[in-house]
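This is upload-v5.cif. It holds mmCIF, C-alpha atoms and all ligand atoms; chains and numbers go by the auth columns.
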data_query
loop_
_atom_site.group_PDB
_atom_site.id
_atom_site.type_symbol
_atom_site.label_atom_id
_atom_site.label_comp_id
_atom_site.label_asym_id
_atom_site.label_seq_id
_atom_site.Cartn_x
_atom_site.Cartn_y
_atom_site.Cartn_z
_atom_site.B_iso_or_equiv
_atom_site.auth_seq_id
_atom_site.auth_asym_id
ATOM 1 C CA MET A 1 97.707 -142.471 -155.892 0.00 1 A
ATOM 2 C CA GLU A 2 95.634 -139.573 -157.190 0.00 2 A
ATOM 3 C CA THR A 3 92.373 -140.719 -158.712 0.00 3 A
ATOM 4 C CA ILE A 4 90.365 -137.602 -159.560 0.00 4 A
ATOM 5 C CA LEU A 5 86.744 -138.693 -159.765 0.00 5 A
ATOM 6 C CA HIS A 6 85.066 -135.315 -159.637 0.00 6 A
ATOM 7 C CA PRO A 7 85.230 -132.361 -162.042 0.00 7 A
ATOM 8 C CA ARG A 8 87.118 -129.245 -161.031 0.00 8 A
ATOM 9 C CA SER A 9 83.756 -127.501 -160.452 0.00 9 A
ATOM 10 C CA HIS A 10 83.024 -129.865 -157.563 0.00 10 A
ATOM 11 C CA ALA A 11 85.009 -128.962 -154.458 0.00 11 A
ATOM 12 C CA LEU A 12 85.576 -130.769 -151.165 0.00 12 A
ATOM 13 C CA LEU A 13 85.126 -128.527 -148.105 0.00 13 A
ATOM 14 C CA VAL A 14 86.713 -129.921 -144.911 0.00 14 A
ATOM 15 C CA ILE A 15 85.270 -128.215 -141.833 0.00 15 A
ATOM 16 C CA ASP A 16 87.238 -127.594 -138.604 0.00 16 A
ATOM 17 C CA VAL A 17 89.168 -130.870 -138.185 0.00 17 A
ATOM 18 C CA GLN A 18 91.208 -129.283 -135.393 0.00 18 A
ATOM 19 C CA ASN A 19 92.712 -130.601 -132.166 0.00 19 A
ATOM 20 C CA ASP A 20 90.199 -128.857 -129.899 0.00 20 A
ATOM 21 C CA PHE A 21 87.315 -130.721 -131.596 0.00 21 A
ATOM 22 C CA CYS A 22 89.047 -134.100 -131.254 0.00 22 A
ATOM 23 C CA PRO A 23 89.262 -136.332 -128.147 0.00 23 A
ATOM 24 C CA GLY A 24 91.427 -134.597 -125.540 0.00 24 A
ATOM 25 C CA GLY A 25 90.590 -131.155 -126.952 0.00 25 A
ATOM 26 C CA ALA A 26 88.764 -128.281 -125.259 0.00 26 A
ATOM 27 C CA LEU A 27 85.483 -128.860 -127.131 0.00 27 A
ATOM 28 C CA ALA A 28 85.940 -132.514 -127.945 0.00 28 A
ATOM 29 C CA VAL A 29 83.497 -134.152 -130.327 0.00 29 A
ATOM 30 C CA ALA A 30 83.091 -137.883 -129.621 0.00 30 A
ATOM 31 C CA ASP A 31 85.146 -139.834 -132.158 0.00 31 A
ATOM 32 C CA GLY A 32 86.124 -136.608 -133.902 0.00 32 A
ATOM 33 C CA ASP A 33 89.495 -138.044 -134.900 0.00 33 A
ATOM 34 C CA ALA A 34 87.984 -141.215 -136.390 0.00 34 A
ATOM 35 C CA ILE A 35 87.094 -139.399 -139.614 0.00 35 A
ATOM 36 C CA VAL A 36 90.636 -138.259 -140.437 0.00 36 A
ATOM 37 C CA PRO A 37 91.795 -141.285 -142.498 0.00 37 A
ATOM 38 C CA GLY A 38 88.577 -141.272 -144.528 0.00 38 A
ATOM 39 C CA ILE A 39 88.832 -137.548 -145.230 0.00 39 A
ATOM 40 C CA ASN A 40 92.465 -137.911 -146.299 0.00 40 A
ATOM 41 C CA ALA A 41 91.463 -140.647 -148.735 0.00 41 A
ATOM 42 C CA LEU A 42 88.519 -138.627 -150.057 0.00 42 A
ATOM 43 C CA MET A 43 90.874 -135.735 -150.862 0.00 43 A
ATOM 44 C CA ASP A 44 92.397 -137.917 -153.585 0.00 44 A
ATOM 45 C CA GLU A 45 89.099 -137.803 -155.469 0.00 45 A
ATOM 46 C CA PHE A 46 88.964 -134.004 -155.677 0.00 46 A
ATOM 47 C CA GLU A 47 91.043 -131.547 -157.602 0.00 47 A
ATOM 48 C CA THR A 48 89.727 -128.707 -155.464 0.00 48 A
ATOM 49 C CA VAL A 49 90.062 -129.125 -151.692 0.00 49 A
ATOM 50 C CA LEU A 50 89.356 -126.324 -149.203 0.00 50 A
ATOM 51 C CA LEU A 51 89.614 -126.389 -145.413 0.00 51 A
ATOM 52 C CA THR A 52 88.177 -124.229 -142.661 0.00 52 A
ATOM 53 C CA GLN A 53 89.775 -123.446 -139.334 0.00 53 A
ATOM 54 C CA ASP A 54 87.885 -122.110 -136.314 0.00 54 A
ATOM 55 C CA TRP A 55 90.110 -119.206 -135.256 0.00 55 A
ATOM 56 C CA HIS A 56 89.096 -117.210 -132.188 0.00 56 A
ATOM 57 C CA PRO A 57 90.962 -114.428 -130.391 0.00 57 A
ATOM 58 C CA ALA A 58 91.379 -114.991 -126.623 0.00 58 A
ATOM 59 C CA GLY A 59 88.326 -113.667 -124.761 0.00 59 A
ATOM 60 C CA HIS A 60 86.002 -114.301 -127.720 0.00 60 A
ATOM 61 C CA SER A 61 82.338 -113.464 -127.034 0.00 61 A
ATOM 62 C CA SER A 62 81.290 -117.085 -127.755 0.00 62 A
ATOM 63 C CA PHE A 63 83.315 -118.303 -124.755 0.00 63 A
ATOM 64 C CA ALA A 64 81.435 -118.873 -121.477 0.00 64 A
ATOM 65 C CA SER A 65 84.534 -117.507 -119.709 0.00 65 A
ATOM 66 C CA SER A 66 83.824 -114.094 -121.271 0.00 66 A
ATOM 67 C CA HIS A 67 80.401 -113.870 -119.562 0.00 67 A
ATOM 68 C CA ASP A 68 80.219 -113.455 -115.772 0.00 68 A
ATOM 69 C CA GLY A 69 78.957 -116.629 -114.107 0.00 69 A
ATOM 70 C CA ALA A 70 78.031 -118.385 -117.343 0.00 70 A
ATOM 71 C CA GLU A 71 78.505 -122.145 -117.606 0.00 71 A
ATOM 72 C CA PRO A 72 79.927 -123.723 -120.752 0.00 72 A
ATOM 73 C CA TYR A 73 77.162 -125.081 -123.013 0.00 73 A
ATOM 74 C CA SER A 74 74.578 -122.621 -121.640 0.00 74 A
ATOM 75 C CA MET A 75 72.709 -120.213 -123.925 0.00 75 A
ATOM 76 C CA THR A 76 72.909 -116.444 -124.127 0.00 76 A
ATOM 77 C CA GLU A 77 71.264 -113.764 -126.225 0.00 77 A
ATOM 78 C CA MET A 78 73.589 -111.842 -128.568 0.00 78 A
ATOM 79 C CA PRO A 79 72.571 -108.803 -130.658 0.00 79 A
ATOM 80 C CA TYR A 80 72.365 -111.232 -133.622 0.00 80 A
ATOM 81 C CA GLY A 81 70.295 -113.884 -131.774 0.00 81 A
ATOM 82 C CA PRO A 82 70.709 -116.862 -129.444 0.00 82 A
ATOM 83 C CA GLN A 83 74.236 -118.185 -128.984 0.00 83 A
ATOM 84 C CA VAL A 84 75.648 -121.241 -127.210 0.00 84 A
ATOM 85 C CA LEU A 85 78.466 -120.330 -124.830 0.00 85 A
ATOM 86 C CA TRP A 86 81.355 -122.705 -125.443 0.00 86 A
ATOM 87 C CA PRO A 87 84.436 -123.666 -123.488 0.00 87 A
ATOM 88 C CA ASP A 88 87.475 -121.637 -124.637 0.00 88 A
ATOM 89 C CA HIS A 89 88.575 -123.325 -127.878 0.00 89 A
ATOM 90 C CA CYS A 90 90.559 -122.828 -131.081 0.00 90 A
ATOM 91 C CA ILE A 91 92.425 -119.788 -129.816 0.00 91 A
ATOM 92 C CA GLN A 92 94.524 -118.263 -132.570 0.00 92 A
ATOM 93 C CA GLY A 93 98.000 -119.790 -132.661 0.00 93 A
ATOM 94 C CA SER A 94 97.296 -122.408 -129.975 0.00 94 A
ATOM 95 C CA VAL A 95 97.870 -126.147 -130.356 0.00 95 A
ATOM 96 C CA GLY A 96 94.103 -126.638 -130.009 0.00 96 A
ATOM 97 C CA ALA A 97 93.531 -124.495 -133.095 0.00 97 A
ATOM 98 C CA MET A 98 95.937 -126.559 -135.197 0.00 98 A
ATOM 99 C CA PHE A 99 94.589 -129.150 -137.584 0.00 99 A
ATOM 100 C CA HIS A 100 94.633 -132.762 -136.381 0.00 100 A
ATOM 101 C CA PRO A 101 98.272 -133.809 -136.907 0.00 101 A
ATOM 102 C CA ASP A 102 97.297 -136.619 -139.308 0.00 102 A
ATOM 103 C CA LEU A 103 94.976 -134.498 -141.469 0.00 103 A
ATOM 104 C CA ARG A 104 96.260 -133.712 -144.947 0.00 104 A
ATOM 105 C CA THR A 105 96.382 -129.939 -145.282 0.00 105 A
ATOM 106 C CA ASP A 106 97.575 -129.751 -148.889 0.00 106 A
ATOM 107 C CA GLY A 107 94.314 -128.163 -150.032 0.00 107 A
ATOM 108 C CA ASP A 108 94.065 -124.960 -152.079 0.00 108 A
ATOM 109 C CA LEU A 109 92.623 -122.620 -149.460 0.00 109 A
ATOM 110 C CA ILE A 110 92.221 -122.404 -145.683 0.00 110 A
ATOM 111 C CA VAL A 111 89.311 -120.228 -144.573 0.00 111 A
ATOM 112 C CA ARG A 112 89.662 -118.938 -141.030 0.00 112 A
ATOM 113 C CA LYS A 113 86.498 -117.895 -139.231 0.00 113 A
ATOM 114 C CA GLY A 114 85.365 -116.676 -135.824 0.00 114 A
ATOM 115 C CA PHE A 115 88.094 -114.032 -135.632 0.00 115 A
ATOM 116 C CA ASN A 116 85.607 -111.187 -135.054 0.00 116 A
ATOM 117 C CA PRO A 117 85.567 -110.845 -131.221 0.00 117 A
ATOM 118 C CA ALA A 118 81.874 -109.850 -131.139 0.00 118 A
ATOM 119 C CA ILE A 119 80.350 -112.450 -133.497 0.00 119 A
ATOM 120 C CA ASP A 120 80.687 -116.215 -133.640 0.00 120 A
ATOM 121 C CA SER A 121 80.964 -117.856 -137.061 0.00 121 A
ATOM 122 C CA TYR A 122 79.809 -121.435 -137.439 0.00 122 A
ATOM 123 C CA SER A 123 79.389 -121.185 -141.194 0.00 123 A
ATOM 124 C CA ALA A 124 82.259 -121.047 -143.657 0.00 124 A
ATOM 125 C CA PHE A 125 80.227 -118.428 -145.588 0.00 125 A
ATOM 126 C CA PHE A 126 78.692 -116.020 -143.066 0.00 126 A
ATOM 127 C CA GLU A 127 79.243 -115.088 -139.453 0.00 127 A
ATOM 128 C CA ASN A 128 76.388 -115.874 -137.055 0.00 128 A
ATOM 129 C CA ASP A 129 74.661 -112.566 -137.887 0.00 129 A
ATOM 130 C CA HIS A 130 73.993 -114.311 -141.247 0.00 130 A
ATOM 131 C CA GLU A 131 75.184 -111.096 -142.915 0.00 131 A
ATOM 132 C CA THR A 132 78.927 -110.651 -142.560 0.00 132 A
ATOM 133 C CA SER A 133 80.580 -112.616 -145.370 0.00 133 A
ATOM 134 C CA THR A 134 83.805 -114.571 -145.015 0.00 134 A
ATOM 135 C CA GLY A 135 84.425 -114.072 -148.746 0.00 135 A
ATOM 136 C CA LEU A 136 84.177 -117.800 -149.518 0.00 136 A
ATOM 137 C CA ASP A 137 81.135 -117.382 -151.783 0.00 137 A
ATOM 138 C CA GLY A 138 83.024 -114.987 -154.053 0.00 138 A
ATOM 139 C CA TYR A 139 86.121 -117.183 -154.026 0.00 139 A
ATOM 140 C CA LEU A 140 84.161 -120.261 -155.089 0.00 140 A
ATOM 141 C CA ARG A 141 82.295 -118.393 -157.820 0.00 141 A
ATOM 142 C CA SER A 142 85.512 -116.884 -159.143 0.00 142 A
ATOM 143 C CA ARG A 143 86.914 -120.393 -159.443 0.00 143 A
ATOM 144 C CA GLY A 144 83.814 -121.767 -161.174 0.00 144 A
ATOM 145 C CA ILE A 145 82.820 -124.077 -158.318 0.00 145 A
ATOM 146 C CA GLU A 146 79.179 -125.163 -158.577 0.00 146 A
ATOM 147 C CA ARG A 147 79.014 -128.166 -156.313 0.00 147 A
ATOM 148 C CA LEU A 148 80.306 -128.879 -152.795 0.00 148 A
ATOM 149 C CA THR A 149 80.839 -131.962 -150.661 0.00 149 A
ATOM 150 C CA LEU A 150 81.228 -131.187 -146.954 0.00 150 A
ATOM 151 C CA VAL A 151 82.838 -133.298 -144.230 0.00 151 A
ATOM 152 C CA GLY A 152 84.216 -132.564 -140.763 0.00 152 A
ATOM 153 C CA LEU A 153 83.328 -131.191 -137.327 0.00 153 A
ATOM 154 C CA ALA A 154 80.895 -130.619 -135.971 0.00 154 A
ATOM 155 C CA LEU A 155 78.072 -132.033 -138.066 0.00 155 A
ATOM 156 C CA ASP A 156 75.360 -130.201 -136.101 0.00 156 A
ATOM 157 C CA TYR A 157 77.148 -126.820 -135.900 0.00 157 A
ATOM 158 C CA CYS A 158 79.788 -125.744 -138.384 0.00 158 A
ATOM 159 C CA VAL A 159 79.113 -128.425 -141.020 0.00 159 A
ATOM 160 C CA ASN A 160 75.357 -127.803 -140.730 0.00 160 A
ATOM 161 C CA PHE A 161 75.555 -123.989 -140.935 0.00 161 A
ATOM 162 C CA SER A 162 78.038 -124.170 -143.830 0.00 162 A
ATOM 163 C CA ALA A 163 75.937 -126.668 -145.777 0.00 163 A
ATOM 164 C CA VAL A 164 72.682 -124.723 -145.334 0.00 164 A
ATOM 165 C CA ASP A 165 74.358 -121.475 -146.428 0.00 165 A
ATOM 166 C CA ALA A 166 75.967 -123.226 -149.417 0.00 166 A
ATOM 167 C CA ALA A 167 72.622 -124.606 -150.568 0.00 167 A
ATOM 168 C CA ARG A 168 70.917 -121.214 -150.101 0.00 168 A
ATOM 169 C CA LEU A 169 73.684 -119.567 -152.117 0.00 169 A
ATOM 170 C CA GLY A 170 72.897 -121.937 -154.974 0.00 170 A
ATOM 171 C CA PHE A 171 75.658 -124.546 -154.718 0.00 171 A
ATOM 172 C CA ALA A 172 74.623 -128.175 -155.179 0.00 172 A
ATOM 173 C CA THR A 173 75.499 -129.333 -151.681 0.00 173 A
ATOM 174 C CA GLU A 174 76.023 -132.719 -150.086 0.00 174 A
ATOM 175 C CA VAL A 175 77.265 -133.745 -146.642 0.00 175 A
ATOM 176 C CA ARG A 176 79.064 -137.023 -146.066 0.00 176 A
ATOM 177 C CA THR A 177 77.642 -137.860 -142.630 0.00 177 A
ATOM 178 C CA ASP A 178 79.975 -140.866 -142.357 0.00 178 A
ATOM 179 C CA LEU A 179 82.921 -138.456 -142.483 0.00 179 A
ATOM 180 C CA SER A 180 81.418 -136.007 -139.963 0.00 180 A
ATOM 181 C CA ARG A 181 80.737 -136.214 -136.219 0.00 181 A
ATOM 182 C CA ALA A 182 78.255 -134.261 -134.061 0.00 182 A
ATOM 183 C CA ILE A 183 78.314 -132.546 -130.651 0.00 183 A
ATOM 184 C CA ASP A 184 74.568 -133.303 -130.223 0.00 184 A
ATOM 185 C CA LEU A 185 73.661 -130.712 -127.594 0.00 185 A
ATOM 186 C CA ASN A 186 69.962 -130.681 -126.568 0.00 186 A
ATOM 187 C CA GLY A 187 68.722 -132.268 -129.783 0.00 187 A
ATOM 188 C CA SER A 188 70.961 -130.176 -132.029 0.00 188 A
ATOM 189 C CA LEU A 189 71.741 -133.119 -134.329 0.00 189 A
ATOM 190 C CA ALA A 190 68.081 -133.879 -135.107 0.00 190 A
ATOM 191 C CA GLU A 191 67.402 -130.162 -135.625 0.00 191 A
ATOM 192 C CA ALA A 192 70.421 -129.812 -137.892 0.00 192 A
ATOM 193 C CA THR A 193 69.420 -132.854 -139.938 0.00 193 A
ATOM 194 C CA GLU A 194 65.928 -131.417 -140.495 0.00 194 A
ATOM 195 C CA GLY A 195 67.316 -127.986 -141.337 0.00 195 A
ATOM 196 C CA MET A 196 69.797 -129.345 -143.870 0.00 196 A
ATOM 197 C CA LYS A 197 67.131 -131.466 -145.565 0.00 197 A
ATOM 198 C CA ALA A 198 64.732 -128.487 -145.692 0.00 198 A
ATOM 199 C CA ALA A 199 67.466 -126.388 -147.336 0.00 199 A
ATOM 200 C CA GLY A 200 67.954 -129.025 -150.026 0.00 200 A
ATOM 201 C CA VAL A 201 71.252 -130.463 -148.762 0.00 201 A
ATOM 202 C CA SER A 202 71.835 -134.127 -149.680 0.00 202 A
ATOM 203 C CA LEU A 203 72.888 -136.204 -146.693 0.00 203 A
ATOM 204 C CA ILE A 204 74.936 -139.187 -147.786 0.00 204 A
HETATM 205 C C1 LIG B . 82.176 -125.294 -133.751 0.00 301 B
HETATM 206 C C2 LIG B . 81.206 -124.727 -131.765 0.00 301 B
HETATM 207 C C3 LIG B . 82.003 -123.629 -131.660 0.00 301 B
HETATM 208 C C4 LIG B . 82.245 -126.256 -134.894 0.00 301 B
HETATM 209 C C5 LIG B . 82.986 -124.188 -133.671 0.00 301 B
HETATM 210 O O1 LIG B . 83.299 -126.316 -135.569 0.00 301 B
HETATM 211 O O2 LIG B . 81.240 -126.953 -135.130 0.00 301 B
HETATM 212 N N1 LIG B . 81.276 -125.549 -132.808 0.00 301 B
HETATM 213 N N2 LIG B . 82.889 -123.362 -132.614 0.00 301 B
HETATM 214 ZN ZN ZN B . 84.279 -121.830 -132.291 0.00 302 B
#
Target encoding structure tokens, full file:
Amino acid sequence: METILHPRSHALLVIDVQNDFCPGGALAVADGDAIVPGINALMDEFETVLLTQDWHPAGHSSFASSHDGAEPYSMTEMPYGPQVLWPDHCIQGSVGAMFHPDLRTDGDLIVRKGFNPAIDSYSAFFENDHETSTGLDGYLRSRGIERLTLVGLALDYCVNFSAVDAARLGFATEVRTDLSRAIDLNGSLAEATEGMKAAGVSLI
């Protein structure tokens, strides 16, 4: 049953709950699928629900396979700064790019990101050059959204970058850490937690 607890100006943003980030996927996050029932239930509380979908063309520059001799999870230097090289994941139209089959997808908007072959995009707001907009900021403002709750995958990458950008853009921003899961690569979770706190994100 629908029980709207939050005003229309408070949106739920569900980040990258896709097969490739769940157990068995190409870039599996431990327990990534465990958050699906809780996210589905949380959707009942919000009138405004938005989802993001990591959406890379084959041969994307964030894939280790696109760099001669590079191992997955190693670092490289891109024109826009340091970049982790990932296993091939969330390729446009693939099963891995689809939402987890049990995730409710009856939200208002799906934001796809990471489609620019030359730039990765962790954040729902800006690509990793921190400059190229996805358009989400304008969409939210046009709809009168002032506050955001974020959940999803991965807590230390796409949830983190989205939450920090949201707070910097002036949205009251909170992350439900119980409904998120992390990759935790070389201390990335601790770093992300500090960064979100410093940006004024509430971790709940
Ligand atoms: C993500 C790494 C690469 C994420 C996406 O959704 O956190 N992480 N692409
Ligand atoms: Zn990606």
Could you give me, as a VMD selection string, every polymer residue with an atom at most 10 Å away from an atom of ligand LIG 301 (chain B), counting all atoms listed in the file? chain A and resid 15 to 18 20 to 21 27 to 29 52 to 56 62 to 63 73 83 to 90 113 to 114 120 to 124 152 to 162 181 to 183
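Distances from A:Ala97, A:Ala30, A:Leu51, A:Ala166 to ligand ZN 302 (chain B) were compared using all atoms listed in the file, and the smallest one belongs to A:Ala97.
If you look at CA of Ala198 in chain A and CA of Thr177 in chain A, they are 16.2 Å away from each other.
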Once the PyMOL selection byres (((chain A and resi 42) around 10) and not hetatm) is applied to the coordinates I shared, what remains selected? I want it as a PyMOL selection string. chain A and resi 3-5+12+36-41+43-46+49+151+179
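Nearest residue to Val14 in chain A, choosing from A:Thr134, A:Ser142, A:Thr76, A:Ser180 and counting all atoms listed in the file: A:Ser180.
You can rank A:Asp137, A:Asp108, A:Asp102, A:Glu127 by their closest distance to ligand ZN 302 (chain B) using only C-alpha atoms and all ligand atoms, and at the top of that list sits A:Glu127.
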Give me the residues within 8 Å of Ile145 in chain A as number ranges by chain, counting only C-alpha atoms and dropping any in the same chain fewer than 5 places off. A: 8-11, 140
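Counting only C-alpha atoms and all ligand atoms, the residue from A:Gly32, A:Gly200, A:Gly144, A:Gly59 that sits nearest to ligand ZN 302 (chain B) is A:Gly59.
Closest to ligand ZN 302 (chain B) among A:Gly135, A:Pro57, A:Gly93, A:Gly107 is A:Pro57, based on only C-alpha atoms and all ligand atoms.
Here CA of Asn19 in chain A is placed at a distance of 8.6 Å from CA of Asp33 in chain A.
Counting from CA of Asn128 in chain A, the distance to CA of Gly81 in chain A is 8.3 Å.
With all atoms listed in the file as the basis for measurement, A:Met75 is the residue among A:Ile119, A:Leu150, A:Ala64, A:Met75 that approaches Leu185 in chain A most closely.
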